[in-house]
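Report on the structure given below.
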Amino acid sequence: HCLRGRRMSATVNNPFQHIVEPLDSTDPKKQFYNLSKLGDPRYDRLPFSIRVLLESAVRNCDGFLVKCSDVESILNWKQTQTQTVEVPFRPARVILQDFTGVPAVVDFAAMRDAVMKLGGDPEKINPVCPADLVIDHSIQVDFNRKSDSLQKNQDLEFDRNKERFQFLKWGSKAFRNMRIIPPGSGIVHQVNLEYLARVVFNYDGYFYPDSLVGTDSHTTMIDGLGVLGWGVGGIEAEAVMLGQPISMVLPEVVGYKLSGTPDKFITSTDIVLTVTKHLRQVGVVGKFVEFFGPGVAQLSIADRATIANMCPEYGATAAFFPVDNVSIQYLKQTGREAEQLAYITKYLKAVAMFRDYNDVSQDPDYTRVVELDLSTVVPCCSGPKRPQDRIAVSDMKTDFETCLGAKQGFKGFQVALERHSTGVPFQFDGKEYTLSHGSVVIAAITSCTNTSNPSVMLGAGLLAKKAIECGLSVKPYIKTSLSPGSGVVTTYLKESGVMDYLYQLGFEVVGYGCMTCIGNSGPLPEPVVNAITQGDLVAAGVLSGNRNFEGRVHPNTRANYLASPPLVIAYAIAGTVRIDFEKEPVAINSEGKEIFLRDIWPTREEIQAVERTFVIPSMFKEVYEKIEKVNERWNSLVAPSDKLYTWDPKSTYIKSPPFFDGLTMELKPPKSIHDAYVLLNFGDSVTTDHISPAGNIARNSSAARYLTNRGLSPRDYNSYGSRRGNDDVMARGTFANIRLFNKFLNKQAPQTIHLPTGETLDVFDAAERYQQSGVPLLVLAGKEYGSGSSRDWAAKGPFLLGIKAVVAESYERIHRSNLVGMGVIPLEYLEGDTADSLGLTGRERYTIIIPEQLTPRMIVDVKLDTGKTFQVRMRFDTDVELAYFRHGGILNYMIRKMSEN
């Protein structure tokens, strides 16, 4: 029987202590909670992902943060599908990358200051839950096609980011339970998969499932290894690090059955892009997807991880592949110890979490089941502006040409028909070339989606080998790059003998990090930019990443396509996306011979033979044994060791944020919003890239003017992502994406109309005027507001601009939780209502009535100065979220809690 109202401590007895037993009778000190001993028939019918939630609730049950009723709710999962049931979840660990990690450490440092001001112990602000931070988002493709590109890019990364890195090194000393993986080590999700993942924790005398949340939306990649994890907002992750469970609505679980065998020319990228489009159509937003069926057994862990990685693109919370024998083989291949493999297998079998995908008797209950026959998958890409817009490679030429003339939108560029054949000649390195619509100017093998997968990386290498042997090349003005997810990739590409061929085509290693996929694509050659600008061309980027939203990859590539690494090379050789590979040669060699893609495309059998020979455990051991010590510049960084951070007022990178200014212990009742103006009026699919871009800082932007006034020249601006530790820059960068489409202007621009005067201003400048007048602000939006990357500044920035609420048709899950975390109210139109159906222009003044007594998902009134009234739903989905709102945000809540005596 649960102990009521008690805080968790070592003295509190867990009511489920009776199911604790040793995993091995020879070592009675190593125990586990044997869920099979619950004696509850509902357990064996639960989806495997829900079993992980149940184990966490049972092990952490203390009658305060986690109650017996929560355990019962999870066991009763099938019966709660039609209800909104809130449960707590305590993940085993947290993972961060540096774009989101720097602001998290900044917040922790500022919270320590705030706790001290309120009379508390600042060292209480300290990670309780283990946290790993991988520095992988800072490096850019400044140099390529040079023998020393890697070293030059890494040196520039360090020169630009030295201050940030010193701050992170301070954090690693000042905070317990925080490990930092230095720059140059790889992409966070691949490092997580190959090195950080435990699969089963062996900690403090207990075995239990590895699980995590991360501040990057592609944290879901780890689900491919059977570790339950998903992306959360940076703000929410900070609360987890401080010991708070995540409050979540018990999700529906969609069973995704895989059957059939993929064609020998199909890559895992083709499968994942097919799954992404399919699940977008099915509708899995806010749900778990759990994969099962005989087709899963045919997929490698890298293939599964590729599918799980793209989970945010199909909108699910998690995409789970339960552990099976293939998982154990992968752990062995990546250098895990035999003892670890033994207890992982034994534990998971003991608690019925080990899967045999060919055994239908293990199939649990699902909310619904959908199926994909792998034999129906065809080679494909996605684009030109969204990852879910899949196109068969055979349709790429006609699809692009249709997009050229289509109305401006996700599949349209609105180019007049007479301009479709426009060609612009230009000089590059003494030779003349011509650019036209669809010309490829960026070709990047990049991002965690694919660089973790030996099959597609070796496939790219084998294709490069055959292309070189056929006398093919890539035009020198195309910005080619290869940014592997870990040092292991470089090792097996070299050992297998394909690296030299990649290099000859221009795909040499330029760095270890997200690079092009996050927008760190670096500059294009000036003649190329001039030609694109002169002809107003829809130039193309082709990348093996997971995101291709407008303005993300590069300002001058209006069309961007996601493709497998071999296809990235193929399109680079072709030099255009306006090609039908089945009917047209990829190129004509120096002997005048037509070479078709089918002539150089490797089969799955060829790739697998090379993979079996060259991707071996010793590589992983060698790379990861020295991962935390290999970067000499990181090792030599000197950082302060004080527990409180000494803020430098001259810094343009690290600054104490104003979030906690004037914070007191007393709570104030929530207030209604009176006579608010609409700052921005949006349509559908406004992404976090639109709200808070991570790429370059435009020279004519508010942020650029701020940095110039601080004495910086444009070459020192760096990127928005690198300056996430400075609120002055980030507030000015909010809604600064050049592809922002604001209905007030009816064109793409990072601007809005200051309604009282009718002036067109940069968004920050307009917001500043409103704030000087003491006027609250709103944002109007359509469907999927905040889709895309997990980005805490997409909520922090609007908060600093004075935005009190967003009114949208629907929200992306992580972004909605981030808004809640900052005390910004997410409001949702009622079913059937939209801005258009309600006749809203956005030029009205809005009053939103907030009652003192709030309940989750309650309906409130909105009154306009025109006399019209309508209702919206407040998207505070749980009582915990309401508690955060009453405190003015999750961090305020934590500061008050930590300041209590």
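Residue numbers start at 1 in each chain; chains themselves are named A, B, ... in the order of the structure tokens; ligands are numbered from 1 in the order shown.
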Going by DSSP on the backbone, which residues of range 131-161 of chain A come out as helix (DSSP H, G or I)? List them as a PDB file with all heavy atoms, in the first residue's frame.
ATOM      1  N   SER A 149      40.726  19.826 -45.291  1.00  0.00           N
ATOM      2  CA  SER A 149      39.416  20.410 -44.961  1.00  0.00           C
ATOM      3  C   SER A 149      38.994  20.090 -43.532  1.00  0.00           C
ATOM      4  O   SER A 149      38.508  20.953 -42.804  1.00  0.00           O
ATOM      5  CB  SER A 149      38.341  19.903 -45.925  1.00  0.00           C
ATOM      6  OG  SER A 149      38.537  20.407 -47.214  1.00  0.00           O
ATOM      7  N   LEU A 150      39.176  18.821 -43.126  1.00  0.00           N
ATOM      8  CA  LEU A 150      38.763  18.408 -41.782  1.00  0.00           C
ATOM      9  C   LEU A 150      39.461  19.243 -40.717  1.00  0.00           C
ATOM     10  O   LEU A 150      38.815  19.808 -39.829  1.00  0.00           O
ATOM     11  CB  LEU A 150      39.063  16.917 -41.580  1.00  0.00           C
ATOM     12  CG  LEU A 150      38.836  16.375 -40.162  1.00  0.00           C
ATOM     13  CD1 LEU A 150      37.378  16.506 -39.753  1.00  0.00           C
ATOM     14  CD2 LEU A 150      39.292  14.916 -40.071  1.00  0.00           C
ATOM     15  N   GLN A 151      40.777  19.352 -40.820  1.00  0.00           N
ATOM     16  CA  GLN A 151      41.531  20.098 -39.807  1.00  0.00           C
ATOM     17  C   GLN A 151      41.151  21.568 -39.804  1.00  0.00           C
ATOM     18  O   GLN A 151      40.986  22.188 -38.752  1.00  0.00           O
ATOM     19  CB  GLN A 151      43.036  19.938 -40.042  1.00  0.00           C
ATOM     20  CG  GLN A 151      43.892  20.445 -38.891  1.00  0.00           C
ATOM     21  CD  GLN A 151      43.590  19.733 -37.586  1.00  0.00           C
ATOM     22  OE1 GLN A 151      43.579  18.508 -37.533  1.00  0.00           O
ATOM     23  NE2 GLN A 151      43.304  20.497 -36.533  1.00  0.00           N
ATOM     24  N   LYS A 152      41.004  22.143 -41.004  1.00  0.00           N
ATOM     25  CA  LYS A 152      40.650  23.564 -41.100  1.00  0.00           C
ATOM     26  C   LYS A 152      39.277  23.836 -40.503  1.00  0.00           C
ATOM     27  O   LYS A 152      39.081  24.822 -39.781  1.00  0.00           O
ATOM     28  CB  LYS A 152      40.684  24.017 -42.562  1.00  0.00           C
ATOM     29  CG  LYS A 152      42.087  24.263 -43.105  1.00  0.00           C
ATOM     30  CD  LYS A 152      42.008  24.850 -44.510  1.00  0.00           C
ATOM     31  CE  LYS A 152      43.363  25.361 -44.950  1.00  0.00           C
ATOM     32  NZ  LYS A 152      43.301  25.989 -46.283  1.00  0.00           N
ATOM     33  N   ASN A 153      38.303  22.967 -40.801  1.00  0.00           N
ATOM     34  CA  ASN A 153      36.958  23.155 -40.253  1.00  0.00           C
ATOM     35  C   ASN A 153      36.952  23.001 -38.736  1.00  0.00           C
ATOM     36  O   ASN A 153      36.277  23.750 -38.022  1.00  0.00           O
ATOM     37  CB  ASN A 153      35.986  22.157 -40.889  1.00  0.00           C
ATOM     38  CG  ASN A 153      35.643  22.502 -42.324  1.00  0.00           C
ATOM     39  OD1 ASN A 153      35.636  23.667 -42.710  1.00  0.00           O
ATOM     40  ND2 ASN A 153      35.357  21.484 -43.128  1.00  0.00           N
ATOM     41  N   GLN A 154      37.720  22.022 -38.236  1.00  0.00           N
ATOM     42  CA  GLN A 154      37.777  21.821 -36.780  1.00  0.00           C
ATOM     43  C   GLN A 154      38.480  22.983 -36.087  1.00  0.00           C
ATOM     44  O   GLN A 154      38.062  23.406 -35.003  1.00  0.00           O
ATOM     45  CB  GLN A 154      38.468  20.490 -36.472  1.00  0.00           C
ATOM     46  CG  GLN A 154      37.611  19.285 -36.830  1.00  0.00           C
ATOM     47  CD  GLN A 154      38.253  17.959 -36.457  1.00  0.00           C
ATOM     48  OE1 GLN A 154      39.473  17.839 -36.365  1.00  0.00           O
ATOM     49  NE2 GLN A 154      37.435  16.946 -36.254  1.00  0.00           N
ATOM     50  N   ASP A 155      39.515  23.509 -36.720  1.00  0.00           N
ATOM     51  CA  ASP A 155      40.202  24.667 -36.132  1.00  0.00           C
ATOM     52  C   ASP A 155      39.276  25.880 -36.089  1.00  0.00           C
ATOM     53  O   ASP A 155      39.228  26.604 -35.081  1.00  0.00           O
ATOM     54  CB  ASP A 155      41.457  25.006 -36.943  1.00  0.00           C
ATOM     55  CG  ASP A 155      42.586  23.998 -36.731  1.00  0.00           C
ATOM     56  OD1 ASP A 155      42.503  23.229 -35.752  1.00  0.00           O
ATOM     57  OD2 ASP A 155      43.534  23.987 -37.546  1.00  0.00           O
ATOM     58  N   LEU A 156      38.540  26.102 -37.187  1.00  0.00           N
ATOM     59  CA  LEU A 156      37.596  27.225 -37.223  1.00  0.00           C
ATOM     60  C   LEU A 156      36.499  27.047 -36.189  1.00  0.00           C
ATOM     61  O   LEU A 156      36.076  28.008 -35.533  1.00  0.00           O
ATOM     62  CB  LEU A 156      36.969  27.331 -38.613  1.00  0.00           C
ATOM     63  CG  LEU A 156      37.393  28.507 -39.488  1.00  0.00           C
ATOM     64  CD1 LEU A 156      36.630  28.493 -40.800  1.00  0.00           C
ATOM     65  CD2 LEU A 156      37.180  29.843 -38.779  1.00  0.00           C
ATOM     66  N   GLU A 157      36.024  25.797 -36.047  1.00  0.00           N
ATOM     67  CA  GLU A 157      34.996  25.508 -35.048  1.00  0.00           C
ATOM     68  C   GLU A 157      35.480  25.921 -33.659  1.00  0.00           C
ATOM     69  O   GLU A 157      34.749  26.567 -32.890  1.00  0.00           O
ATOM     70  CB  GLU A 157      34.662  24.011 -35.055  1.00  0.00           C
ATOM     71  CG  GLU A 157      33.696  23.595 -33.952  1.00  0.00           C
ATOM     72  CD  GLU A 157      33.587  22.079 -33.777  1.00  0.00           C
ATOM     73  OE1 GLU A 157      34.531  21.360 -34.175  1.00  0.00           O
ATOM     74  OE2 GLU A 157      32.575  21.634 -33.231  1.00  0.00           O
ATOM     75  N   PHE A 158      36.713  25.586 -33.346  1.00  0.00           N
ATOM     76  CA  PHE A 158      37.236  25.900 -32.026  1.00  0.00           C
ATOM     77  C   PHE A 158      37.450  27.398 -31.855  1.00  0.00           C
ATOM     78  O   PHE A 158      37.144  27.968 -30.798  1.00  0.00           O
ATOM     79  CB  PHE A 158      38.537  25.134 -31.776  1.00  0.00           C
ATOM     80  CG  PHE A 158      38.537  24.417 -30.464  1.00  0.00           C
ATOM     81  CD1 PHE A 158      38.096  23.104 -30.383  1.00  0.00           C
ATOM     82  CD2 PHE A 158      38.922  25.058 -29.304  1.00  0.00           C
ATOM     83  CE1 PHE A 158      38.064  22.435 -29.171  1.00  0.00           C
ATOM     84  CE2 PHE A 158      38.891  24.407 -28.085  1.00  0.00           C
ATOM     85  CZ  PHE A 158      38.460  23.091 -28.015  1.00  0.00           C
ATOM     86  N   ASP A 159      37.963  28.043 -32.903  1.00  0.00           N
ATOM     87  CA  ASP A 159      38.194  29.487 -32.810  1.00  0.00           C
ATOM     88  C   ASP A 159      36.882  30.234 -32.600  1.00  0.00           C
ATOM     89  O   ASP A 159      36.799  31.159 -31.783  1.00  0.00           O
ATOM     90  CB  ASP A 159      38.873  29.993 -34.090  1.00  0.00           C
ATOM     91  CG  ASP A 159      40.302  29.465 -34.231  1.00  0.00           C
ATOM     92  OD1 ASP A 159      40.863  29.024 -33.210  1.00  0.00           O
ATOM     93  OD2 ASP A 159      40.827  29.470 -35.360  1.00  0.00           O
ATOM     94  N   ARG A 160      35.845  29.824 -33.321  1.00  0.00           N
ATOM     95  CA  ARG A 160      34.550  30.497 -33.213  1.00  0.00           C
ATOM     96  C   ARG A 160      33.863  30.228 -31.876  1.00  0.00           C
ATOM     97  O   ARG A 160      33.150  31.070 -31.355  1.00  0.00           O
ATOM     98  CB  ARG A 160      33.605  29.984 -34.312  1.00  0.00           C
ATOM     99  CG  ARG A 160      33.878  30.512 -35.704  1.00  0.00           C
ATOM    100  CD  ARG A 160      32.856  29.891 -36.644  1.00  0.00           C
ATOM    101  NE  ARG A 160      33.007  30.389 -37.998  1.00  0.00           N
ATOM    102  CZ  ARG A 160      32.990  29.625 -39.080  1.00  0.00           C
ATOM    103  NH1 ARG A 160      32.837  28.320 -38.953  1.00  0.00           N
ATOM    104  NH2 ARG A 160      33.113  30.157 -40.277  1.00  0.00           N
ATOM    105  N   ASN A 161      34.064  29.026 -31.368  1.00  0.00           N
ATOM    106  CA  ASN A 161      33.247  28.574 -30.245  1.00  0.00           C
ATOM    107  C   ASN A 161      34.021  28.387 -28.947  1.00  0.00           C
ATOM    108  O   ASN A 161      33.513  27.780 -28.008  1.00  0.00           O
ATOM    109  CB  ASN A 161      32.553  27.257 -30.616  1.00  0.00           C
ATOM    110  CG  ASN A 161      31.585  27.421 -31.768  1.00  0.00           C
ATOM    111  OD1 ASN A 161      30.497  27.943 -31.596  1.00  0.00           O
ATOM    112  ND2 ASN A 161      31.996  26.995 -32.958  1.00  0.00           N
TER     113      ASN A 161
END
Please identify every residue of range 494-604 of chain A that has at least one atom no farther than 12 Å from an atom of range 683-698 of chain A, counting only C-alpha atoms, and for each give the shortest atom pair and the distance in Å to one decimal, arranged by chain then increasing number, as JSON lines.
{"residue": "A:Cys514", "atom": "CA", "partner": "A:Ala694", "partner_atom": "CA", "distance": 12.0}
{"residue": "A:Met515", "atom": "CA", "partner": "A:Gly695", "partner_atom": "CA", "distance": 10.1}
{"residue": "A:Thr516", "atom": "CA", "partner": "A:Gly695", "partner_atom": "CA", "distance": 9.7}
{"residue": "A:Cys517", "atom": "CA", "partner": "A:Gly695", "partner_atom": "CA", "distance": 10.2}
{"residue": "A:Ile518", "atom": "CA", "partner": "A:Ala694", "partner_atom": "CA", "distance": 7.1}
{"residue": "A:Gly519", "atom": "CA", "partner": "A:Gly695", "partner_atom": "CA", "distance": 4.9}
{"residue": "A:Asn520", "atom": "CA", "partner": "A:Gly695", "partner_atom": "CA", "distance": 6.2}
{"residue": "A:Ser521", "atom": "CA", "partner": "A:Gly695", "partner_atom": "CA", "distance": 8.6}
{"residue": "A:Gly522", "atom": "CA", "partner": "A:Asn696", "partner_atom": "CA", "distance": 8.4}
{"residue": "A:Pro523", "atom": "CA", "partner": "A:Asn696", "partner_atom": "CA", "distance": 9.5}
{"residue": "A:Arg547", "atom": "CA", "partner": "A:Asp689", "partner_atom": "CA", "distance": 10.1}
{"residue": "A:Asn548", "atom": "CA", "partner": "A:Asp689", "partner_atom": "CA", "distance": 10.3}
{"residue": "A:Phe549", "atom": "CA", "partner": "A:Asp689", "partner_atom": "CA", "distance": 7.6}
{"residue": "A:Glu550", "atom": "CA", "partner": "A:His690", "partner_atom": "CA", "distance": 8.3}
{"residue": "A:Gly551", "atom": "CA", "partner": "A:Asp689", "partner_atom": "CA", "distance": 7.9}
{"residue": "A:Arg552", "atom": "CA", "partner": "A:Gly695", "partner_atom": "CA", "distance": 6.8}
{"residue": "A:Val553", "atom": "CA", "partner": "A:Gly695", "partner_atom": "CA", "distance": 8.0}
{"residue": "A:His554", "atom": "CA", "partner": "A:Gly695", "partner_atom": "CA", "distance": 7.9}
{"residue": "A:Pro555", "atom": "CA", "partner": "A:Asn696", "partner_atom": "CA", "distance": 8.7}
{"residue": "A:Asn556", "atom": "CA", "partner": "A:Asn696", "partner_atom": "CA", "distance": 11.9}
Q) Which residue gives the smallest distance to Val729 in chain A among A:Gly383, A:Gly797, A:Gly786, A:Gly774, with only C-alpha atoms counted? A)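 That would be A:Gly797, the residue with the smallest distance to Val729 in chain A.
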Might you pull out every residue within 9 Å of range 193-210 of chain A, with only C-alpha atoms counted and same-chain residues fewer than 5 positions away left off, and present them as a compact mmCIF listing (two decimals) with C-alpha atoms, in the first residue's frame?
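Contents of around_31.txt, freshly written:
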# COMPACT_ATOMS: atom_id res chain seq x y z
CA PRO A 22 18.38 -11.34 -7.54
CA LEU A 23 18.98 -11.75 -11.28
CA LYS A 29 23.32 -7.91 -4.25
CA LYS A 30 22.36 -7.40 -7.94
CA GLN A 31 18.56 -7.28 -7.98
CA PHE A 32 15.66 -6.36 -10.22
CA TYR A 33 11.93 -5.77 -10.04
CA VAL A 52 9.21 0.04 -20.01
CA GLU A 55 8.84 -0.88 -14.92
CA SER A 56 9.88 2.71 -14.25
CA ARG A 59 10.67 0.79 -9.41
CA PRO A 91 13.78 8.06 -17.56
CA ALA A 92 17.13 6.53 -16.64
CA ARG A 93 19.17 9.33 -18.24
CA ASP A 132 25.53 13.19 -21.38
CA VAL A 188 25.07 12.71 -30.67
CA MET A 221 17.02 7.01 -33.04
CA ILE A 222 17.96 4.99 -29.95
CA GLY A 224 16.01 1.19 -32.94
CA LEU A 225 18.20 -0.56 -30.35
CA GLY A 226 15.28 -1.25 -28.01
CA VAL A 227 15.99 1.69 -25.69
CA LEU A 228 12.84 3.75 -25.16
CA GLY A 229 13.60 7.42 -25.70
CA ALA A 305 17.73 3.10 -36.07
CA VAL A 323 15.37 -5.96 -28.21
CA TYR A 330 24.93 -5.35 -32.71
CA LEU A 331 26.04 -4.76 -29.12
CA THR A 334 30.10 -2.42 -31.31
CA GLY A 335 32.45 -3.72 -28.64
CA ARG A 336 30.25 -4.25 -25.59
CA GLN A 340 27.17 -6.94 -20.21
CA TYR A 343 22.99 -9.72 -18.07
CA ILE A 344 21.13 -7.69 -20.73
CA THR A 345 19.77 -10.89 -22.28
CA TYR A 347 17.25 -9.51 -17.50
CA LEU A 348 15.09 -8.78 -20.56
CA SER A 452 25.26 5.60 -38.57
CA SER A 486 31.55 8.82 -35.71
CA PHE A 620 34.45 0.52 -32.12
CA TYR A 624 35.52 4.88 -28.15
(Q) Could you check the closest approach to Met457 in chain A for each of A:Glu584, A:Asp324, A:Glu418, A:Glu611 and tell me which residue wins, using only C-alpha atoms? (A) A:Glu611
Closest atom pairs, range 496-560 of chain A residues within 12 Å of range 399-407 of chain A, only C-alpha atoms, as CSV:
residue,atom,partner,partner_atom,distance
A:Leu537,CA,A:Leu404,CA,10.0
A:Val538,CA,A:Leu404,CA,7.9
A:Ala539,CA,A:Leu404,CA,10.9
A:Ala540,CA,A:Phe400,CA,10.2
A:Arg558,CA,A:Leu404,CA,10.7
A:Ala559,CA,A:Phe400,CA,8.9
A:Asn560,CA,A:Phe400,CA,10.8
Q) Between A:Leu524, A:Val105, A:Ala460, A:Val284, which one has atoms that come closest to Tyr645 in chain A, using only C-alpha atoms? A) A:Val105
Q: Find the residues near range 467-474 of chain A: any atom within 7 Å, counting only C-alpha atoms, skip ones fewer than 4 places away on the same chain, and give them as a VMD selection string.
A: chain A and resid 463 501 505 572 to 573 589 to 590 600
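Summary of the local environment: counting only C-alpha atoms, residues at most 9 Å from Asp365 in chain A, other than itself and those fewer than 5 positions away along its chain, are Arg45, Leu46, Pro47, Lys78, Val253 and Gly255 of chain A.
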Q: Would you please work out which residue, of A:Tyr811, A:Trp601, A:Tyr503, A:Phe581, is nearest to Asn144 in chain A when using only C-alpha atoms?
A: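 Distance minimum relative to Asn144 in chain A lands on A:Tyr503.
What separates CA of Ile616 in chain A from CA of Thr491 in chain A is a distance of 10.2 Å.
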